[in-house]
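What's in data_33.pdb: PDB, C-alpha atoms
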```
ATOM      1  CA  MET U   1       0.649  27.027   0.744
ATOM      2  CA  GLY U   2      -2.662  25.517   1.917
ATOM      3  CA  LEU U   3      -3.665  21.965   2.769
ATOM      4  CA  ILE U   4      -2.947  19.100   0.414
ATOM      5  CA  LEU U   5      -4.270  16.266   2.618
ATOM      6  CA  GLU U   6      -7.004  16.336   5.282
ATOM      7  CA  ILE U   7      -7.783  13.354   7.521
ATOM      8  CA  LYS U   8     -10.974  13.578   9.597
ATOM      9  CA  ASN U   9     -12.144  11.026  12.195
ATOM     10  CA  LEU U  10     -10.561   8.148  10.262
ATOM     11  CA  THR U  11     -11.217   4.681  11.708
ATOM     12  CA  LYS U  12     -10.418   1.197  10.405
ATOM     13  CA  LYS U  13     -11.373  -2.067  12.124
ATOM     14  CA  PHE U  14     -10.357  -5.617  11.284
ATOM     15  CA  GLY U  15     -12.848  -7.761  13.161
ATOM     16  CA  GLY U  16     -12.386  -6.896  16.830
ATOM     17  CA  LEU U  17      -9.108  -5.023  16.228
ATOM     18  CA  THR U  18      -9.192  -1.267  15.708
ATOM     19  CA  ALA U  19      -6.070  -0.576  13.638
ATOM     20  CA  VAL U  20      -6.727   3.150  13.100
ATOM     21  CA  ASN U  21      -8.810   4.878  15.740
ATOM     22  CA  ASP U  22     -10.471   8.267  15.070
ATOM     23  CA  CYS U  23      -7.387   9.925  13.533
ATOM     24  CA  ASN U  24      -7.380  13.629  12.650
ATOM     25  CA  PHE U  25      -4.521  15.564  11.027
ATOM     26  CA  ASP U  26      -3.589  17.680   8.004
ATOM     27  CA  VAL U  27      -0.612  17.810   5.656
ATOM     28  CA  GLN U  28       0.439  21.209   4.352
ATOM     29  CA  ARG U  29       1.408  21.576   0.705
ATOM     30  CA  GLY U  30       5.184  21.620   0.349
ATOM     31  CA  GLU U  31       5.996  20.163   3.786
ATOM     32  CA  ILE U  32       7.635  16.925   4.826
ATOM     33  CA  LEU U  33       5.739  15.208   7.641
ATOM     34  CA  GLY U  34       6.950  12.217   9.645
ATOM     35  CA  LEU U  35       4.877   9.418  11.168
ATOM     36  CA  ILE U  36       6.428   7.259  13.895
ATOM     37  CA  GLY U  37       5.341   4.296  15.964
ATOM     38  CA  PRO U  38       6.247   0.670  16.704
ATOM     39  CA  ASN U  39       5.047  -2.377  14.801
ATOM     40  CA  GLY U  40       1.297  -2.574  15.169
ATOM     41  CA  ALA U  41       0.843   1.148  15.801
ATOM     42  CA  GLY U  42      -1.291   1.529  12.659
ATOM     43  CA  LYS U  43       1.126   3.430  10.395
ATOM     44  CA  THR U  44       0.959   1.168   7.347
ATOM     45  CA  THR U  45      -2.797   0.716   7.738
ATOM     46  CA  LEU U  46      -3.120   4.501   7.725
ATOM     47  CA  PHE U  47      -1.110   4.629   4.482
ATOM     48  CA  GLN U  48      -3.286   1.851   3.046
ATOM     49  CA  LEU U  49      -6.388   3.921   3.792
ATOM     50  CA  ILE U  50      -4.986   7.157   2.369
ATOM     51  CA  SER U  51      -3.839   5.468  -0.851
ATOM     52  CA  GLY U  52      -7.075   3.527  -1.379
ATOM     53  CA  PHE U  53      -5.841  -0.024  -0.733
ATOM     54  CA  GLU U  54      -8.138  -0.283   2.293
ATOM     55  CA  LYS U  55     -11.486   1.386   2.948
ATOM     56  CA  PRO U  56     -12.223   2.986   6.340
ATOM     57  CA  ASN U  57     -15.154   2.078   8.531
ATOM     58  CA  SER U  58     -15.720   5.773   9.122
ATOM     59  CA  GLY U  59     -14.132   9.153   8.534
ATOM     60  CA  THR U  60     -13.047  11.080   5.442
ATOM     61  CA  ILE U  61      -9.882  11.638   3.410
ATOM     62  CA  ARG U  62      -9.599  14.750   1.247
ATOM     63  CA  PHE U  63      -6.771  15.320  -1.214
ATOM     64  CA  ASN U  64      -6.494  18.763  -2.814
ATOM     65  CA  GLY U  65     -10.015  19.423  -1.566
ATOM     66  CA  VAL U  66     -11.441  16.290  -3.245
ATOM     67  CA  ASP U  67     -13.038  13.558  -1.149
ATOM     68  CA  ILE U  68     -11.055  10.410  -2.036
ATOM     69  CA  THR U  69     -12.365   8.218   0.801
ATOM     70  CA  ASP U  70     -14.010   5.711  -1.541
ATOM     71  CA  LYS U  71     -11.737   6.067  -4.562
ATOM     72  CA  LYS U  72      -9.607   3.222  -5.896
ATOM     73  CA  PRO U  73      -5.783   3.328  -5.836
ATOM     74  CA  TYR U  74      -5.418   4.045  -9.573
ATOM     75  CA  GLN U  75      -7.889   6.936  -9.299
ATOM     76  CA  ILE U  76      -5.943   8.407  -6.386
ATOM     77  CA  VAL U  77      -2.632   8.061  -8.263
ATOM     78  CA  ASN U  78      -4.069   9.929 -11.214
ATOM     79  CA  LEU U  79      -5.187  12.751  -8.928
ATOM     80  CA  GLY U  80      -1.534  13.246  -7.948
ATOM     81  CA  MET U  81      -0.744  11.011  -4.949
ATOM     82  CA  ALA U  82       1.739   8.135  -5.115
ATOM     83  CA  ARG U  83       3.254   5.817  -2.540
ATOM     84  CA  THR U  84       6.034   3.348  -1.923
ATOM     85  CA  PHE U  85       5.653   0.096  -0.015
ATOM     86  CA  GLN U  86       7.450  -1.231   3.041
ATOM     87  CA  LEU U  87       8.001  -4.488   1.160
ATOM     88  CA  VAL U  88       9.620  -3.544  -2.146
ATOM     89  CA  ARG U  89       7.443  -4.325  -5.164
ATOM     90  CA  SER U  90       8.754  -4.388  -8.724
ATOM     91  CA  PHE U  91       8.643  -6.257 -12.029
ATOM     92  CA  ARG U  92      11.596  -8.391 -10.999
ATOM     93  CA  PHE U  93      12.816  -9.457 -14.423
ATOM     94  CA  LEU U  94      12.102  -6.273 -16.392
ATOM     95  CA  SER U  95      14.847  -3.678 -16.578
ATOM     96  CA  LEU U  96      14.823  -0.710 -14.208
ATOM     97  CA  LEU U  97      14.079   1.478 -17.218
ATOM     98  CA  ASP U  98      11.011  -0.601 -18.088
ATOM     99  CA  ASN U  99       9.831  -0.609 -14.462
ATOM    100  CA  VAL U 100       9.818   3.190 -14.382
ATOM    101  CA  SER U 101       8.418   3.430 -17.919
ATOM    102  CA  VAL U 102       5.316   1.516 -16.787
ATOM    103  CA  ALA U 103       4.661   4.232 -14.193
ATOM    104  CA  CYS U 104       5.232   6.961 -16.793
ATOM    105  CA  LEU U 105       2.475   5.385 -18.920
ATOM    106  CA  SER U 106      -0.172   6.116 -16.294
ATOM    107  CA  PRO U 107      -2.626   8.816 -17.429
ATOM    108  CA  ARG U 108      -1.090  11.417 -15.130
ATOM    109  CA  GLY U 109       2.418  10.251 -16.011
ATOM    110  CA  LYS U 110       1.728  10.668 -19.723
ATOM    111  CA  GLU U 111       0.389  14.175 -19.131
ATOM    112  CA  ALA U 112       3.763  15.136 -17.692
ATOM    113  CA  LEU U 113       5.795  13.772 -20.622
ATOM    114  CA  GLY U 114       5.376  16.840 -22.824
ATOM    115  CA  SER U 115       7.649  16.435 -25.836
ATOM    116  CA  SER U 116       9.705  13.742 -24.086
ATOM    117  CA  GLY U 117       9.371  10.081 -24.951
ATOM    118  CA  VAL U 118       8.652   7.510 -22.257
ATOM    119  CA  ASP U 119      12.209   6.146 -22.250
ATOM    120  CA  GLU U 120      13.619   9.652 -22.014
ATOM    121  CA  ALA U 121      11.364  10.524 -19.069
ATOM    122  CA  ALA U 122      12.126   7.234 -17.299
ATOM    123  CA  SER U 123      15.860   7.745 -17.846
ATOM    124  CA  SER U 124      15.640  11.239 -16.368
ATOM    125  CA  ILE U 125      13.937   9.854 -13.255
ATOM    126  CA  LEU U 126      16.494   7.063 -12.879
ATOM    127  CA  SER U 127      19.240   9.672 -13.170
ATOM    128  CA  SER U 128      17.618  11.774 -10.425
ATOM    129  CA  VAL U 129      17.608   8.817  -7.997
ATOM    130  CA  GLY U 130      21.127   7.716  -8.898
ATOM    131  CA  LEU U 131      20.274   4.549 -10.838
ATOM    132  CA  ILE U 132      20.865   5.561 -14.453
ATOM    133  CA  ASP U 133      24.016   3.434 -14.683
ATOM    134  CA  LYS U 134      21.868   0.369 -13.873
ATOM    135  CA  ALA U 135      18.958   1.229 -16.172
ATOM    136  CA  ARG U 136      19.265  -1.972 -18.229
ATOM    137  CA  LEU U 137      19.559  -4.297 -15.230
ATOM    138  CA  PRO U 138      16.635  -6.210 -13.673
ATOM    139  CA  PRO U 139      15.661  -5.490 -10.055
ATOM    140  CA  VAL U 140      16.177  -9.136  -9.111
ATOM    141  CA  ILE U 141      19.970  -8.637  -9.007
ATOM    142  CA  LEU U 142      20.013  -5.270  -7.197
ATOM    143  CA  PRO U 143      21.015  -4.645  -3.561
ATOM    144  CA  HIS U 144      18.304  -3.539  -1.147
ATOM    145  CA  GLY U 145      19.329   0.125  -1.168
ATOM    146  CA  ASP U 146      18.907   0.339  -4.931
ATOM    147  CA  LEU U 147      15.516  -1.349  -4.699
ATOM    148  CA  ARG U 148      14.395   1.375  -2.272
ATOM    149  CA  LYS U 149      15.485   3.993  -4.811
ATOM    150  CA  LEU U 150      13.630   2.123  -7.555
ATOM    151  CA  GLU U 151      10.440   2.191  -5.437
ATOM    152  CA  ILE U 152      10.711   5.973  -5.264
ATOM    153  CA  ALA U 153      11.549   6.226  -8.983
ATOM    154  CA  LYS U 154       8.418   4.282  -9.939
ATOM    155  CA  ALA U 155       6.292   6.538  -7.755
ATOM    156  CA  LEU U 156       7.864   9.611  -9.370
ATOM    157  CA  GLY U 157       6.933   8.260 -12.790
ATOM    158  CA  THR U 158       3.282   9.056 -11.991
ATOM    159  CA  ASN U 159       4.154  12.756 -11.465
ATOM    160  CA  PRO U 160       2.921  13.030  -7.852
ATOM    161  CA  GLU U 161       2.200  16.174  -5.865
ATOM    162  CA  LEU U 162       2.126  14.124  -2.660
ATOM    163  CA  LEU U 163       4.463  11.192  -2.082
ATOM    164  CA  LEU U 164       3.842   8.666   0.715
ATOM    165  CA  LEU U 165       7.064   6.911   1.728
ATOM    166  CA  ASP U 166       6.482   3.794   3.830
ATOM    167  CA  GLU U 167       9.662   2.970   5.779
ATOM    168  CA  PRO U 168      12.136   4.268   3.128
ATOM    169  CA  PHE U 169      15.133   3.579   5.439
ATOM    170  CA  SER U 170      14.113   0.037   6.378
ATOM    171  CA  GLY U 171      16.885  -2.523   5.975
ATOM    172  CA  LEU U 172      19.458  -0.002   4.752
ATOM    173  CA  ALA U 173      23.063   0.468   5.825
ATOM    174  CA  HIS U 174      24.180   3.910   7.034
ATOM    175  CA  GLU U 175      25.584   5.007   3.659
ATOM    176  CA  GLU U 176      22.417   3.863   1.891
ATOM    177  CA  ARG U 177      20.317   5.868   4.355
ATOM    178  CA  LEU U 178      22.370   8.966   3.566
ATOM    179  CA  GLY U 179      21.612   8.443  -0.129
ATOM    180  CA  ILE U 180      17.869   8.188   0.511
ATOM    181  CA  THR U 181      17.999  11.280   2.749
ATOM    182  CA  LYS U 182      19.726  13.238  -0.009
ATOM    183  CA  LEU U 183      17.085  12.079  -2.504
ATOM    184  CA  ILE U 184      14.210  13.097  -0.193
ATOM    185  CA  ASN U 185      15.720  16.555   0.287
ATOM    186  CA  GLN U 186      16.074  16.855  -3.484
ATOM    187  CA  LEU U 187      12.403  15.980  -3.994
ATOM    188  CA  MET U 188      11.420  18.579  -1.413
ATOM    189  CA  ASP U 189      13.429  21.195  -3.302
ATOM    190  CA  GLU U 190      11.482  20.232  -6.428
ATOM    191  CA  GLY U 191       8.173  20.942  -4.673
ATOM    192  CA  VAL U 192       6.977  17.415  -3.863
ATOM    193  CA  THR U 193       5.067  17.143  -0.577
ATOM    194  CA  ILE U 194       6.230  14.124   1.443
ATOM    195  CA  PHE U 195       4.536  12.117   4.187
ATOM    196  CA  MET U 196       6.803   9.360   5.496
ATOM    197  CA  THR U 197       6.922   6.659   8.134
ATOM    198  CA  GLY U 198      10.024   5.277   9.770
ATOM    199  CA  HIS U 199      11.521   3.046  12.424
ATOM    200  CA  VAL U 200      15.017   4.469  11.800
ATOM    201  CA  LEU U 201      14.376   7.434  14.063
ATOM    202  CA  ARG U 202      17.691   9.267  13.839
ATOM    203  CA  GLU U 203      17.342   9.900  10.101
ATOM    204  CA  LEU U 204      13.620  10.606  10.159
ATOM    205  CA  MET U 205      13.649  12.911  13.193
ATOM    206  CA  THR U 206      16.452  15.056  11.754
ATOM    207  CA  LEU U 207      14.785  15.206   8.339
ATOM    208  CA  VAL U 208      11.253  16.343   9.215
ATOM    209  CA  PRO U 209      10.193  19.599  10.929
ATOM    210  CA  ARG U 210       6.921  18.044  12.165
ATOM    211  CA  VAL U 211       6.139  14.522  13.315
ATOM    212  CA  ILE U 212       3.043  12.549  14.323
ATOM    213  CA  ALA U 213       3.307   9.712  16.841
ATOM    214  CA  MET U 214       0.849   6.794  16.787
ATOM    215  CA  HIS U 215       0.175   4.132  19.377
ATOM    216  CA  GLN U 216      -2.461   1.400  19.157
ATOM    217  CA  GLY U 217      -4.132   3.144  16.248
ATOM    218  CA  ARG U 218      -4.395   6.545  17.906
ATOM    219  CA  ILE U 219      -2.432   9.746  17.392
ATOM    220  CA  ILE U 220      -0.916  10.510  20.795
ATOM    221  CA  ALA U 221       1.411  13.409  19.941
ATOM    222  CA  GLU U 222       2.114  15.866  17.142
ATOM    223  CA  GLY U 223       4.657  18.655  16.760
ATOM    224  CA  PRO U 224       8.392  19.363  16.299
ATOM    225  CA  PRO U 225      10.574  16.214  16.518
ATOM    226  CA  LYS U 226      12.364  17.179  19.744
ATOM    227  CA  GLU U 227       9.072  18.037  21.451
ATOM    228  CA  VAL U 228       7.471  14.744  20.401
ATOM    229  CA  ALA U 229      10.605  12.749  21.287
ATOM    230  CA  ASN U 230      10.473  14.139  24.816
ATOM    231  CA  ASN U 231       6.734  13.681  25.259
ATOM    232  CA  LYS U 232       6.232  11.400  28.280
ATOM    233  CA  VAL U 233       3.477   9.358  26.629
ATOM    234  CA  VAL U 234       5.586   8.847  23.515
ATOM    235  CA  LEU U 235       8.641   7.861  25.518
ATOM    236  CA  GLU U 236       6.681   5.291  27.481
ATOM    237  CA  ALA U 237       4.947   3.930  24.363
ATOM    238  CA  TYR U 238       7.858   3.294  22.006
ATOM    239  CA  LEU U 239      10.908   5.513  22.036
ATOM    240  CA  GLY U 240      12.570   4.135  25.113
ATOM    241  CA  ARG U 241      15.276   6.509  26.406
ATOM    242  CA  GLY U 242      14.531  10.025  25.237
ATOM    243  CA  GLU U 243      18.172  11.100  25.065
ATOM    244  CA  ASP U 244      18.721   8.606  22.236
ATOM    245  CA  TYR U 245      16.444  10.589  19.924
ATOM    246  CA  ALA U 246      16.238  14.155  21.211
TER     247      ALA U 246
END
```
Representation of the structure as structure tokens:
Amino acid sequence: MGLILEIKNLTKKFGGLTAVNDCNFDVQRGEILGLIGPNGAGKTTLFQLISGFEKPNSGTIRFNGVDITDKKPYQIVNLGMARTFQLVRSFRFLSLLDNVSVACLSPRGKEALGSSGVDEAASSILSSVGLIDKARLPPVILPHGDLRKLEIAKALGTNPELLLLDEPFSGLAHEERLGITKLINQLMDEGVTIFMTGHVLRELMTLVPRVIAMHQGRIIAEGPPKEVANNKVVLEAYLGRGEDYA
């Protein structure tokens, strides 16, 4: 399998605030890894650093053995890493099909088209996330659950090897969460490596075999979900009553 992502001594400061503090961890190719922590723990900042939207003060990020620490987001995407955002971002008045087609027109996305046209590839992706029946609709009229699926569809249009999912269950009803869980499992079956954050702990902790816990920018625990959920430091930091999550 081997490593797909390597984080070494990663630190990010905003003035006097250290948002990510000397973080070290790896992501194995083909795995699904969870990242948990309360608001302000540093999860989204960590994703910003990995995907090139922020630059670290120190440390290195290697993707597929390539140092991407100083690369720009579009360069990282075209190496095979894509992400979604906690706050859904889309071309609000373009159709869903056009939103995904834009992603398919990235250099890496075009490489994956083969003999397929852009519309055909975008339609296939929308079908895989359960949105093909809404392909001609604009995102502005969609419910929140469908917008989450569209975020993932756009990321898939770039043909990623590694997909970063930032709070994919946020704001979703139970049935919508089940749909996203099914989609994530499907992507795993297709060989996509997934690194995801989440506040909705029940879904995340039953979905991932390994989880990292952050607090105040530091990694304070790492391992199987039940072991992390029952870690005393983790319980005191943000999980509350352990029996709710174990």
Original post:
From the list U:Arg89, U:Lys55, U:Arg202, U:Lys134, which residue is nearest Pro73 (chain U) when using all atoms listed in the file?
Top reply: U:Lys55
**OP:** Please return, as number ranges by chain, all polymer residues that have at least one atom within 9 Å of the point (-4.7, 14.6, -8.3); use all atoms listed in the file and the file's own coordinate frame.
**Re:** U: 63-64, 66, 75-81, 108, 160-162
Subject >> Residue nearest Ile220 (chain U) - candidates U:Thr193, U:Lys232, U:Glu6, U:Gln48, atoms counted: only C-alpha atoms >> reply: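 Once distances to Ile220 (chain U) are computed over only C-alpha atoms, the minimum belongs to U:Lys232.
Proximity ranking of U:Leu5, U:Val118, U:Met196, U:Ala213 relative to Gly42 (chain U) places U:Ala213 first, based on all atoms listed in the file.
You will find CA of Ala173 (chain U) at 16.5 Å from CA of Gly130 (chain U).
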**OP:** Just say which residues the PyMOL selection byres ((chain U and resi 40) around 9) picks in this file, as a PyMOL selection string.
**Re:** chain U and resi 19+37-39+41-44+215-217
Subject >> Evaluate the PyMOL selection byres ((chain U and resi 18) around 12) and report residues as a ChimeraX atom specification >> reply: /U:10-17,19-23,40-42,45-46,56-58,215-218
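Separating CA of Ile36 (chain U) from CA of Ile219 (chain U) is a distance of 9.8 Å.
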**OP:** Name the residues that the PyMOL selection byres ((chain U and resi 122) around 8) pulls out of this structure, and write them as a list in words.
**Re:** Leu97, Asp98, Val100, Ser101, Cys104, Val118, Asp119, Glu120, Ala121, Ser123, Ser124, Ile125, Leu126 and Gly157 of chain U
